Amino acid sequence: MAEGQKADGVASIAMATDEDNQVVNPWEVSAKDGGKIDYDKLIEKFGCQRLDQSLVNRVERLTSRPAHVFLRRGVFFAHRDLNEILDVYERGQKFYLYTGRGPSSEALHLGHLVPFMFTKYLQDAFKVPLVIQLTDDEKCMWKNLSVEESRRLARENAKDIIACGFDISRTFIFSDFDYVGGAFYQNMVRVAKCVTFNKVVGIFGFTHEDNIGKISFPPVQAVPSFPSSFPHLFAGNDNLRCLIPCAIDQDPYFRMTRDVAPRIGYQKPALIESSFFPALQGETGKMSASDPNSAIYVTDTPKVIKNKVNRYAFSGGQDSIENHRKYGANLEVDIPVKYLGFFLEDDEELEHIKKEYGAGRLLTGEVKKRLIEVLSEIVERHQKARASVTDEMVDAFMAVRPLPHMFS
């Protein structure tokens, strides 16, 4: 099936609705009746591919370094044309990375950090340039924020992103309110001319109650996929391929982009897509900035992290120690084990915990204690890094300039 057919048929945001007992789109992720997100069904309906072990092995071989924990444990589990990006790299050519953040809250939670932690690994491993889009315009329209507040949040979020350790000589961060214009806007118009109102409604589920800004937004998120949108970076490199690390709820934007790209003479972007970082209360969706007890924030103190994990992290342990020793924990629903799967680096320790906890020899309190240690260390490290990020550093990352070590 052609990409365009997918965009019209399988790409409907309503594809994961009541029929499938789940809703997955850029603005809502939920499974109904306490169920989990069915990622196999998402792959089938979105038309992307499962990221298999052969691709993980190939990444390790080409980069001469171990795969990131998110890659080897299947956190990033789906892709579009990743094999083509690796072909390009193996031929001695380069590509660039594009990811982003919709700045709707003062502080990021750990779910927000996942794509940036992984993108930093990709940038370091492949030594390629990166553009990071802050969609302050989007959040202004969707979250009913003022323009001024959206711009302020973009700069605050940029500090958290910079604290992840990106290489300033290979990284350009931009906010839509500040950067959109020129070649970028020209590409927006090229994309917009190719997408009918019926198609954008089919892809994104817009209604007659939505403001026209929402309907016109998708090209804004599409065109960073095209190198000609950044003439100060990629002039003369219009065929440079783009790889987008993102959560799978962003896939509709890029199905639309991939449908349009060949029609306006551009390369399709490739994607590498992650599952959702679950809420503390369970795997029915992703963490929500609107519910502070569903998430661990990068501003949380060790005391707050301990309290949240102990009080709210859904346990797969049994209702009594006796039953737990007899039957063991249900690892499929246990959130502390899920979180350790994201953030505990040591594979052997993780397997030991899963084996002992699943057999009932480890208790829930012991697993939560280890998770509190791991999360507290990550958050403390991030807080120290963020404290060193100044307004001048933000200005430097967001300055429109050539990147001196872009491909070196």
# chains A, B, ... in the order shown; residues from 1 in each chain; ligands from 1
call {"tool": "residues_around", "arguments": {"residues": "region 293-295 of chain A", "least_positions_apart": "2", "cutoff": "12 Å", "atoms": "only C-alpha atoms", "output": "number ranges by chain"}}
result
A: 107-113, 277-291, 297-300, 304-314, 335, 339, 375
call {"tool": "write_last_selection", "arguments": {"atoms": "N, CA, C and O atoms", "output": "compact mmCIF listing (two decimals), in the first residue's frame"}}
result
# COMPACT_ATOMS: atom_id res chain seq x y z
N ALA A 107 7.99 22.33 34.40
CA ALA A 107 9.01 21.30 34.58
C ALA A 107 8.67 20.06 33.77
O ALA A 107 7.50 19.75 33.55
N LEU A 108 9.69 19.35 33.33
CA LEU A 108 9.51 18.10 32.61
C LEU A 108 9.37 16.95 33.60
O LEU A 108 9.91 17.01 34.71
N HIS A 109 8.63 15.90 33.20
CA HIS A 109 8.67 14.67 33.98
C HIS A 109 9.56 13.67 33.26
O HIS A 109 10.05 13.93 32.14
N LEU A 110 9.80 12.53 33.88
CA LEU A 110 10.76 11.58 33.32
C LEU A 110 10.33 11.06 31.96
O LEU A 110 11.17 10.75 31.11
N GLY A 111 9.02 10.96 31.73
CA GLY A 111 8.55 10.56 30.41
C GLY A 111 8.98 11.52 29.32
O GLY A 111 9.28 11.11 28.20
N HIS A 112 9.02 12.82 29.65
CA HIS A 112 9.49 13.82 28.68
C HIS A 112 10.97 13.65 28.37
O HIS A 112 11.43 13.99 27.27
N LEU A 113 11.74 13.17 29.36
CA LEU A 113 13.19 13.05 29.16
C LEU A 113 13.57 11.89 28.25
O LEU A 113 14.64 11.92 27.64
N PHE A 277 6.08 6.03 28.44
CA PHE A 277 6.50 5.85 29.82
C PHE A 277 5.23 5.89 30.67
O PHE A 277 4.53 6.89 30.70
N PRO A 278 4.90 4.79 31.36
CA PRO A 278 3.57 4.71 31.99
C PRO A 278 3.44 5.58 33.23
O PRO A 278 4.43 5.93 33.89
N ALA A 279 2.22 5.93 33.54
CA ALA A 279 1.92 6.64 34.77
C ALA A 279 2.21 5.74 35.97
O ALA A 279 2.22 4.51 35.86
N LEU A 280 2.46 6.36 37.11
CA LEU A 280 2.72 5.58 38.31
C LEU A 280 1.55 4.65 38.63
O LEU A 280 1.74 3.54 39.14
N GLN A 281 0.35 5.09 38.30
CA GLN A 281 -0.84 4.30 38.64
C GLN A 281 -1.06 3.10 37.73
O GLN A 281 -1.93 2.28 38.02
N GLY A 282 -0.32 3.01 36.63
CA GLY A 282 -0.49 1.84 35.77
C GLY A 282 -0.31 2.15 34.31
O GLY A 282 -0.12 3.31 33.92
N GLU A 283 -0.40 1.11 33.49
CA GLU A 283 -0.04 1.22 32.08
C GLU A 283 -1.21 1.56 31.15
O GLU A 283 -1.19 1.22 29.99
N THR A 284 -2.22 2.23 31.66
CA THR A 284 -3.35 2.57 30.79
C THR A 284 -3.01 3.72 29.86
O THR A 284 -3.74 4.01 28.93
N GLY A 285 -1.91 4.39 30.09
CA GLY A 285 -1.54 5.51 29.21
C GLY A 285 -0.13 5.97 29.52
O GLY A 285 0.70 5.19 29.94
N LYS A 286 0.12 7.26 29.31
CA LYS A 286 1.44 7.82 29.60
C LYS A 286 1.32 8.80 30.76
O LYS A 286 0.23 9.22 31.14
N MET A 287 2.45 9.20 31.31
CA MET A 287 2.45 10.18 32.38
C MET A 287 1.74 11.46 31.94
O MET A 287 1.82 11.86 30.78
N SER A 288 1.08 12.12 32.85
CA SER A 288 0.34 13.34 32.52
C SER A 288 0.83 14.50 33.37
O SER A 288 0.86 14.40 34.60
N ALA A 289 1.19 15.60 32.70
CA ALA A 289 1.62 16.78 33.44
C ALA A 289 0.48 17.39 34.23
O ALA A 289 0.70 18.15 35.17
N SER A 290 -0.76 17.04 33.89
CA SER A 290 -1.92 17.60 34.59
C SER A 290 -2.22 16.87 35.90
O SER A 290 -3.01 17.34 36.71
N ASP A 291 -1.59 15.71 36.12
CA ASP A 291 -1.77 14.96 37.36
C ASP A 291 -0.40 14.75 38.00
O ASP A 291 0.33 13.82 37.64
N TYR A 297 8.76 14.16 38.50
CA TYR A 297 9.25 15.36 37.83
C TYR A 297 10.74 15.57 38.08
O TYR A 297 11.26 15.15 39.12
N VAL A 298 11.38 16.25 37.16
CA VAL A 298 12.82 16.50 37.33
C VAL A 298 13.07 17.53 38.42
O VAL A 298 14.23 17.77 38.80
N THR A 299 12.02 18.13 38.96
CA THR A 299 12.15 19.07 40.08
C THR A 299 11.84 18.40 41.42
O THR A 299 11.97 19.03 42.48
N ASP A 300 11.44 17.14 41.41
CA ASP A 300 11.07 16.45 42.66
C ASP A 300 12.28 16.24 43.56
O ASP A 300 13.38 15.92 43.09
N VAL A 304 10.05 13.56 47.95
CA VAL A 304 8.84 13.50 47.11
C VAL A 304 8.86 12.25 46.25
O VAL A 304 7.84 11.56 46.09
N ILE A 305 10.03 11.92 45.68
CA ILE A 305 10.14 10.71 44.86
C ILE A 305 9.82 9.48 45.69
O ILE A 305 9.05 8.60 45.26
N LYS A 306 10.37 9.41 46.89
CA LYS A 306 10.11 8.26 47.78
C LYS A 306 8.62 8.15 48.07
O LYS A 306 8.03 7.05 48.01
N ASN A 307 7.99 9.28 48.38
CA ASN A 307 6.56 9.27 48.71
C ASN A 307 5.72 8.84 47.51
O ASN A 307 4.80 8.02 47.64
N LYS A 308 6.03 9.37 46.33
CA LYS A 308 5.26 9.02 45.13
C LYS A 308 5.39 7.54 44.79
O LYS A 308 4.40 6.88 44.47
N VAL A 309 6.60 7.02 44.83
CA VAL A 309 6.81 5.61 44.49
C VAL A 309 6.10 4.71 45.50
O VAL A 309 5.39 3.77 45.14
N ASN A 310 6.28 5.01 46.78
CA ASN A 310 5.69 4.15 47.81
C ASN A 310 4.16 4.22 47.82
O ASN A 310 3.49 3.21 48.03
N ARG A 311 3.61 5.40 47.57
CA ARG A 311 2.15 5.57 47.67
C ARG A 311 1.41 5.26 46.37
O ARG A 311 0.30 4.73 46.40
N TYR A 312 2.02 5.62 45.23
CA TYR A 312 1.25 5.60 43.98
C TYR A 312 1.72 4.57 42.95
O TYR A 312 0.97 4.26 42.03
N ALA A 313 2.94 4.07 43.05
CA ALA A 313 3.44 3.14 42.02
C ALA A 313 2.68 1.82 42.11
O ALA A 313 2.79 1.10 43.12
N PHE A 314 1.95 1.48 41.08
CA PHE A 314 1.10 0.29 41.08
C PHE A 314 1.95 -0.97 41.18
O PHE A 314 2.90 -1.17 40.43
N ILE A 335 4.54 -1.59 38.09
CA ILE A 335 5.15 -0.36 37.61
C ILE A 335 6.60 -0.18 38.08
O ILE A 335 7.46 0.24 37.29
N TYR A 339 9.54 0.69 35.45
CA TYR A 339 10.43 1.86 35.54
C TYR A 339 11.89 1.43 35.59
O TYR A 339 12.76 2.07 34.99
N LEU A 375 15.84 6.39 40.63
CA LEU A 375 15.20 7.63 40.18
C LEU A 375 15.80 8.85 40.86
O LEU A 375 15.99 9.89 40.22
call {"tool": "residues_around", "arguments": {"residues": "region 387-396 of chain A", "least_positions_apart": "2", "cutoff": "7 Å", "atoms": "only C-alpha atoms", "output": "PyMOL selection string"}}
result
chain A and resi 158-159+163+383-385+398-399
call {"tool": "write_last_selection", "arguments": {"atoms": "N, CA and C atoms", "output": "mmCIF file, in the first residue's frame"}}
result
data_model
loop_
_atom_site.group_PDB
_atom_site.id
_atom_site.type_symbol
_atom_site.label_atom_id
_atom_site.label_comp_id
_atom_site.auth_asym_id
_atom_site.auth_seq_id
_atom_site.Cartn_x
_atom_site.Cartn_y
_atom_site.Cartn_z
ATOM 1 N N ALA A 158 13.770 24.534 27.396
ATOM 2 C CA ALA A 158 15.061 24.447 26.708
ATOM 3 C C ALA A 158 16.193 24.194 27.704
ATOM 4 N N LYS A 159 16.093 24.759 28.898
ATOM 5 C CA LYS A 159 17.137 24.547 29.908
ATOM 6 C C LYS A 159 17.189 23.075 30.329
ATOM 7 N N ALA A 163 20.278 20.497 29.576
ATOM 8 C CA ALA A 163 20.856 19.757 30.706
ATOM 9 C C ALA A 163 21.052 18.274 30.413
ATOM 10 N N GLN A 383 19.146 17.758 37.984
ATOM 11 C CA GLN A 383 19.003 19.047 38.660
ATOM 12 C C GLN A 383 20.332 19.788 38.720
ATOM 13 N N LYS A 384 21.410 19.064 38.980
ATOM 14 C CA LYS A 384 22.736 19.703 39.007
ATOM 15 C C LYS A 384 23.106 20.235 37.629
ATOM 16 N N ALA A 385 22.829 19.449 36.584
ATOM 17 C CA ALA A 385 23.147 19.895 35.223
ATOM 18 C C ALA A 385 22.305 21.109 34.847
ATOM 19 N N MET A 398 20.114 28.542 20.755
ATOM 20 C CA MET A 398 19.022 28.981 19.893
ATOM 21 C C MET A 398 19.453 30.014 18.847
ATOM 22 N N ALA A 399 20.728 30.386 18.857
ATOM 23 C CA ALA A 399 21.222 31.355 17.872
ATOM 24 C C ALA A 399 21.224 30.728 16.478
#
call {"tool": "closest_atom_pairs", "arguments": {"of": "region 255-336 of chain A", "to": "region 88-102 of chain A", "cutoff": "10 Å", "atoms": "only C-alpha atoms", "output": "tab-separated table"}}
result
residue	atom	partner	partner_atom	distance
A:Pro269	CA	A:Tyr98	CA	9.4
A:Ala270	CA	A:Leu97	CA	9.6
A:Leu271	CA	A:Tyr98	CA	9.5
call {"tool": "select_by_dssp", "arguments": {"residues": "region 203-347 of chain A", "states": "helix (DSSP H, G or I)", "output": "PyMOL selection string"}}
result
chain A and resi 203-204+212-216+218-225+227-229+231-234+248-264+292-294+302-312+321-327+335-343+347
call {"tool": "residues_around", "arguments": {"residues": "Met406 (chain A)", "least_positions_apart": "4", "cutoff": "10 Å", "atoms": "only C-alpha atoms", "output": "ChimeraX atom specification"}}
result
/A:94,96,127-130,167-171,233-234,402
call {"tool": "write_last_selection", "arguments": {"atoms": "C-alpha atoms", "output": "tab-separated table (two decimals), in the first residue's frame"}}
result
chain	number	residue	atom	x	y	z
A	94	LYS	CA	25.55	11.52	7.00
A	96	TYR	CA	20.56	14.66	10.74
A	127	LYS	CA	28.21	12.20	15.37
A	128	VAL	CA	25.46	13.98	13.44
A	129	PRO	CA	23.70	17.35	13.74
A	130	LEU	CA	20.42	17.75	15.60
A	167	ASP	CA	26.74	19.02	21.99
A	168	ILE	CA	26.30	22.73	21.21
A	169	SER	CA	28.57	22.41	18.17
A	170	ARG	CA	26.07	20.00	16.60
A	171	THR	CA	22.73	21.20	18.06
A	233	LEU	CA	22.76	24.65	8.54
A	234	PHE	CA	22.21	22.58	5.41
A	402	PRO	CA	26.35	27.41	11.33
call {"tool": "closest_residue", "arguments": {"among": "A:Ile296, A:Leu134, A:Ile212, A:Cys242", "to": "Phe172 (chain A)", "atoms": "only C-alpha atoms"}}
result
A:Leu134
call {"tool": "residues_around", "arguments": {"residues": "Asp178 (chain A)", "least_positions_apart": "5", "cutoff": "12 Å", "atoms": "only C-alpha atoms", "output": "list in words"}}
result
Gln133, Leu134, Thr135, Asp136, Asp137, Val147, Glu148, Ser150, Arg151, Arg152, Ala154, Arg155, Ile173, Phe184, Asp395, Met398, Ala399 and Val400 of chain A
call {"tool": "write_last_selection", "arguments": {"atoms": "N, CA and C atoms", "output": "PDB file, in the first residue's frame"}}
result
ATOM      1  N   GLN A 133      12.870  21.203  17.916  1.00  0.00           N
ATOM      2  CA  GLN A 133      11.781  22.159  17.754  1.00  0.00           C
ATOM      3  C   GLN A 133      10.997  22.311  19.051  1.00  0.00           C
ATOM      4  N   LEU A 134      10.800  23.549  19.489  1.00  0.00           N
ATOM      5  CA  LEU A 134       9.938  23.849  20.623  1.00  0.00           C
ATOM      6  C   LEU A 134       8.647  24.439  20.063  1.00  0.00           C
ATOM      7  N   THR A 135       7.572  23.660  20.130  1.00  0.00           N
ATOM      8  CA  THR A 135       6.319  24.065  19.486  1.00  0.00           C
ATOM      9  C   THR A 135       5.487  24.930  20.446  1.00  0.00           C
ATOM     10  N   ASP A 136       6.034  26.109  20.758  1.00  0.00           N
ATOM     11  CA  ASP A 136       5.322  27.023  21.652  1.00  0.00           C
ATOM     12  C   ASP A 136       4.025  27.521  21.026  1.00  0.00           C
ATOM     13  N   ASP A 137       3.985  27.595  19.693  1.00  0.00           N
ATOM     14  CA  ASP A 137       2.748  28.000  19.020  1.00  0.00           C
ATOM     15  C   ASP A 137       1.655  26.943  19.199  1.00  0.00           C
ATOM     16  N   VAL A 147       0.490  33.848  24.317  1.00  0.00           N
ATOM     17  CA  VAL A 147       1.724  33.800  23.527  1.00  0.00           C
ATOM     18  C   VAL A 147       2.928  34.018  24.436  1.00  0.00           C
ATOM     19  N   GLU A 148       2.820  34.970  25.328  1.00  0.00           N
ATOM     20  CA  GLU A 148       3.944  35.306  26.201  1.00  0.00           C
ATOM     21  C   GLU A 148       4.302  34.132  27.125  1.00  0.00           C
ATOM     22  N   SER A 150       3.624  30.926  26.604  1.00  0.00           N
ATOM     23  CA  SER A 150       4.151  29.830  25.794  1.00  0.00           C
ATOM     24  C   SER A 150       5.622  30.051  25.474  1.00  0.00           C
ATOM     25  N   ARG A 151       5.974  31.281  25.168  1.00  0.00           N
ATOM     26  CA  ARG A 151       7.383  31.585  24.863  1.00  0.00           C
ATOM     27  C   ARG A 151       8.257  31.406  26.100  1.00  0.00           C
ATOM     28  N   ARG A 152       7.746  31.830  27.260  1.00  0.00           N
ATOM     29  CA  ARG A 152       8.512  31.684  28.504  1.00  0.00           C
ATOM     30  C   ARG A 152       8.744  30.203  28.818  1.00  0.00           C
ATOM     31  N   ALA A 154       8.830  27.773  26.760  1.00  0.00           N
ATOM     32  CA  ALA A 154       9.776  27.210  25.785  1.00  0.00           C
ATOM     33  C   ALA A 154      11.210  27.396  26.261  1.00  0.00           C
ATOM     34  N   ARG A 155      11.528  28.573  26.772  1.00  0.00           N
ATOM     35  CA  ARG A 155      12.898  28.817  27.252  1.00  0.00           C
ATOM     36  C   ARG A 155      13.191  27.998  28.508  1.00  0.00           C
ATOM     37  N   ILE A 173      18.573  24.524  18.662  1.00  0.00           N
ATOM     38  CA  ILE A 173      17.253  24.513  19.289  1.00  0.00           C
ATOM     39  C   ILE A 173      16.505  25.754  18.811  1.00  0.00           C
ATOM     40  N   PHE A 184      11.775  28.154   5.945  1.00  0.00           N
ATOM     41  CA  PHE A 184      10.940  27.287   6.770  1.00  0.00           C
ATOM     42  C   PHE A 184       9.465  27.494   6.419  1.00  0.00           C
ATOM     43  N   ASP A 395      20.520  31.128  24.833  1.00  0.00           N
ATOM     44  CA  ASP A 395      20.670  31.991  23.659  1.00  0.00           C
ATOM     45  C   ASP A 395      21.652  31.394  22.656  1.00  0.00           C
ATOM     46  N   MET A 398      20.114  28.542  20.755  1.00  0.00           N
ATOM     47  CA  MET A 398      19.022  28.981  19.893  1.00  0.00           C
ATOM     48  C   MET A 398      19.453  30.014  18.847  1.00  0.00           C
ATOM     49  N   ALA A 399      20.728  30.386  18.857  1.00  0.00           N
ATOM     50  CA  ALA A 399      21.222  31.355  17.872  1.00  0.00           C
ATOM     51  C   ALA A 399      21.224  30.728  16.478  1.00  0.00           C
ATOM     52  N   VAL A 400      20.771  31.483  15.492  1.00  0.00           N
ATOM     53  CA  VAL A 400      20.797  31.015  14.099  1.00  0.00           C
ATOM     54  C   VAL A 400      22.229  31.166  13.608  1.00  0.00           C
TER      55      VAL A 400
END
call {"tool": "atom_distance", "arguments": {"atom1": "CA of Pro115 (chain A)", "atom2": "CA of Ile264 (chain A)"}}
result
28.8 Å
call {"tool": "atom_distance", "arguments": {"atom1": "CA of Gly47 (chain A)", "atom2": "CA of Ser274 (chain A)"}}
result
14.9 Å
call {"tool": "residues_around", "arguments": {"residues": "region 40-43 of chain A", "least_positions_apart": "3", "cutoff": "10 Å", "atoms": "only C-alpha atoms", "output": "JSON, numbers by chain"}}
result
{"A": [15, 16, 20, 22, 24, 37, 46, 47, 48, 49, 50, 77, 78, 79, 248, 249]}
call {"tool": "closest_residue", "arguments": {"among": "A:Lys120, A:Arg255, A:Arg190, A:Arg58", "to": "Phe204 (chain A)", "atoms": "only C-alpha atoms"}}
result
A:Arg255
call {"tool": "residues_around", "arguments": {"residues": "Val367 (chain A)", "least_positions_apart": "6", "cutoff": "9 Å", "atoms": "only C-alpha atoms", "output": "PyMOL selection string"}}
result
chain A and resi 336-337+353+357
call {"tool": "write_last_selection", "arguments": {"atoms": "all heavy atoms", "output": "PDB file, in the first residue's frame"}}
result
ATOM      1  N   PRO A 336       6.954  -0.494  39.332  1.00  0.00           N
ATOM      2  CA  PRO A 336       8.373  -0.396  39.707  1.00  0.00           C
ATOM      3  C   PRO A 336       9.292  -1.195  38.783  1.00  0.00           C
ATOM      4  O   PRO A 336      10.365  -0.711  38.397  1.00  0.00           O
ATOM      5  CB  PRO A 336       8.392  -0.925  41.142  1.00  0.00           C
ATOM      6  CG  PRO A 336       7.053  -0.545  41.677  1.00  0.00           C
ATOM      7  CD  PRO A 336       6.108  -0.772  40.524  1.00  0.00           C
ATOM      8  N   VAL A 337       8.878  -2.392  38.396  1.00  0.00           N
ATOM      9  CA  VAL A 337       9.692  -3.190  37.463  1.00  0.00           C
ATOM     10  C   VAL A 337       9.736  -2.517  36.089  1.00  0.00           C
ATOM     11  O   VAL A 337      10.786  -2.483  35.436  1.00  0.00           O
ATOM     12  CB  VAL A 337       9.148  -4.630  37.371  1.00  0.00           C
ATOM     13  CG1 VAL A 337       9.743  -5.361  36.163  1.00  0.00           C
ATOM     14  CG2 VAL A 337       9.462  -5.397  38.638  1.00  0.00           C
ATOM     15  N   ILE A 353      16.386  -9.019  39.668  1.00  0.00           N
ATOM     16  CA  ILE A 353      15.209  -8.482  40.352  1.00  0.00           C
ATOM     17  C   ILE A 353      13.940  -9.109  39.796  1.00  0.00           C
ATOM     18  O   ILE A 353      13.056  -9.538  40.558  1.00  0.00           O
ATOM     19  CB  ILE A 353      15.166  -6.943  40.212  1.00  0.00           C
ATOM     20  CG1 ILE A 353      16.263  -6.301  41.063  1.00  0.00           C
ATOM     21  CG2 ILE A 353      13.793  -6.392  40.607  1.00  0.00           C
ATOM     22  CD1 ILE A 353      16.446  -4.809  40.842  1.00  0.00           C
ATOM     23  N   TYR A 357      11.714 -11.359  42.217  1.00  0.00           N
ATOM     24  CA  TYR A 357      10.409 -10.743  42.524  1.00  0.00           C
ATOM     25  C   TYR A 357       9.278 -11.588  41.943  1.00  0.00           C
ATOM     26  O   TYR A 357       8.254 -11.832  42.602  1.00  0.00           O
ATOM     27  CB  TYR A 357      10.399  -9.335  41.936  1.00  0.00           C
ATOM     28  CG  TYR A 357       9.227  -8.461  42.329  1.00  0.00           C
ATOM     29  CD1 TYR A 357       8.662  -8.491  43.598  1.00  0.00           C
ATOM     30  CD2 TYR A 357       8.708  -7.554  41.410  1.00  0.00           C
ATOM     31  CE1 TYR A 357       7.605  -7.666  43.946  1.00  0.00           C
ATOM     32  CE2 TYR A 357       7.657  -6.715  41.741  1.00  0.00           C
ATOM     33  CZ  TYR A 357       7.109  -6.768  43.012  1.00  0.00           C
ATOM     34  OH  TYR A 357       6.054  -5.943  43.341  1.00  0.00           O
TER      35      TYR A 357
END
call {"tool": "select_by_dssp", "arguments": {"residues": "region 136-217 of chain A", "states": "strand (DSSP E)", "output": "ChimeraX atom specification"}}
result
/A:171-175
call {"tool": "write_last_selection", "arguments": {"atoms": "N, CA and C atoms", "output": "JSON list (two decimals), in the first residue's frame"}}
result
[["chain", "number", "residue", "atom", "x", "y", "z"],
["A", 171, "THR", "N", 24.14, 21.12, 17.66],
["A", 171, "THR", "CA", 22.73, 21.20, 18.06],
["A", 171, "THR", "C", 22.17, 22.60, 17.86],
["A", 172, "PHE", "N", 21.02, 22.68, 17.20],
["A", 172, "PHE", "CA", 20.27, 23.92, 17.04],
["A", 172, "PHE", "C", 18.89, 23.73, 17.64],
["A", 173, "ILE", "N", 18.57, 24.52, 18.66],
["A", 173, "ILE", "CA", 17.25, 24.51, 19.29],
["A", 173, "ILE", "C", 16.51, 25.75, 18.81],
["A", 174, "PHE", "N", 15.25, 25.58, 18.41],
["A", 174, "PHE", "CA", 14.49, 26.75, 17.96],
["A", 174, "PHE", "C", 13.06, 26.68, 18.46],
["A", 175, "SER", "N", 12.50, 27.84, 18.72],
["A", 175, "SER", "CA", 11.06, 27.93, 19.03],
["A", 175, "SER", "C", 10.35, 28.41, 17.78]]
call {"tool": "closest_residue", "arguments": {"among": "A:His352, A:Arg65, A:Lys368, A:Lys214", "to": "Phe126 (chain A)", "atoms": "only C-alpha atoms"}}
result
A:Arg65
call {"tool": "atom_distance", "arguments": {"atom1": "CA of Glu138 (chain A)", "atom2": "CA of Lys193 (chain A)"}}
result
19.9 Å
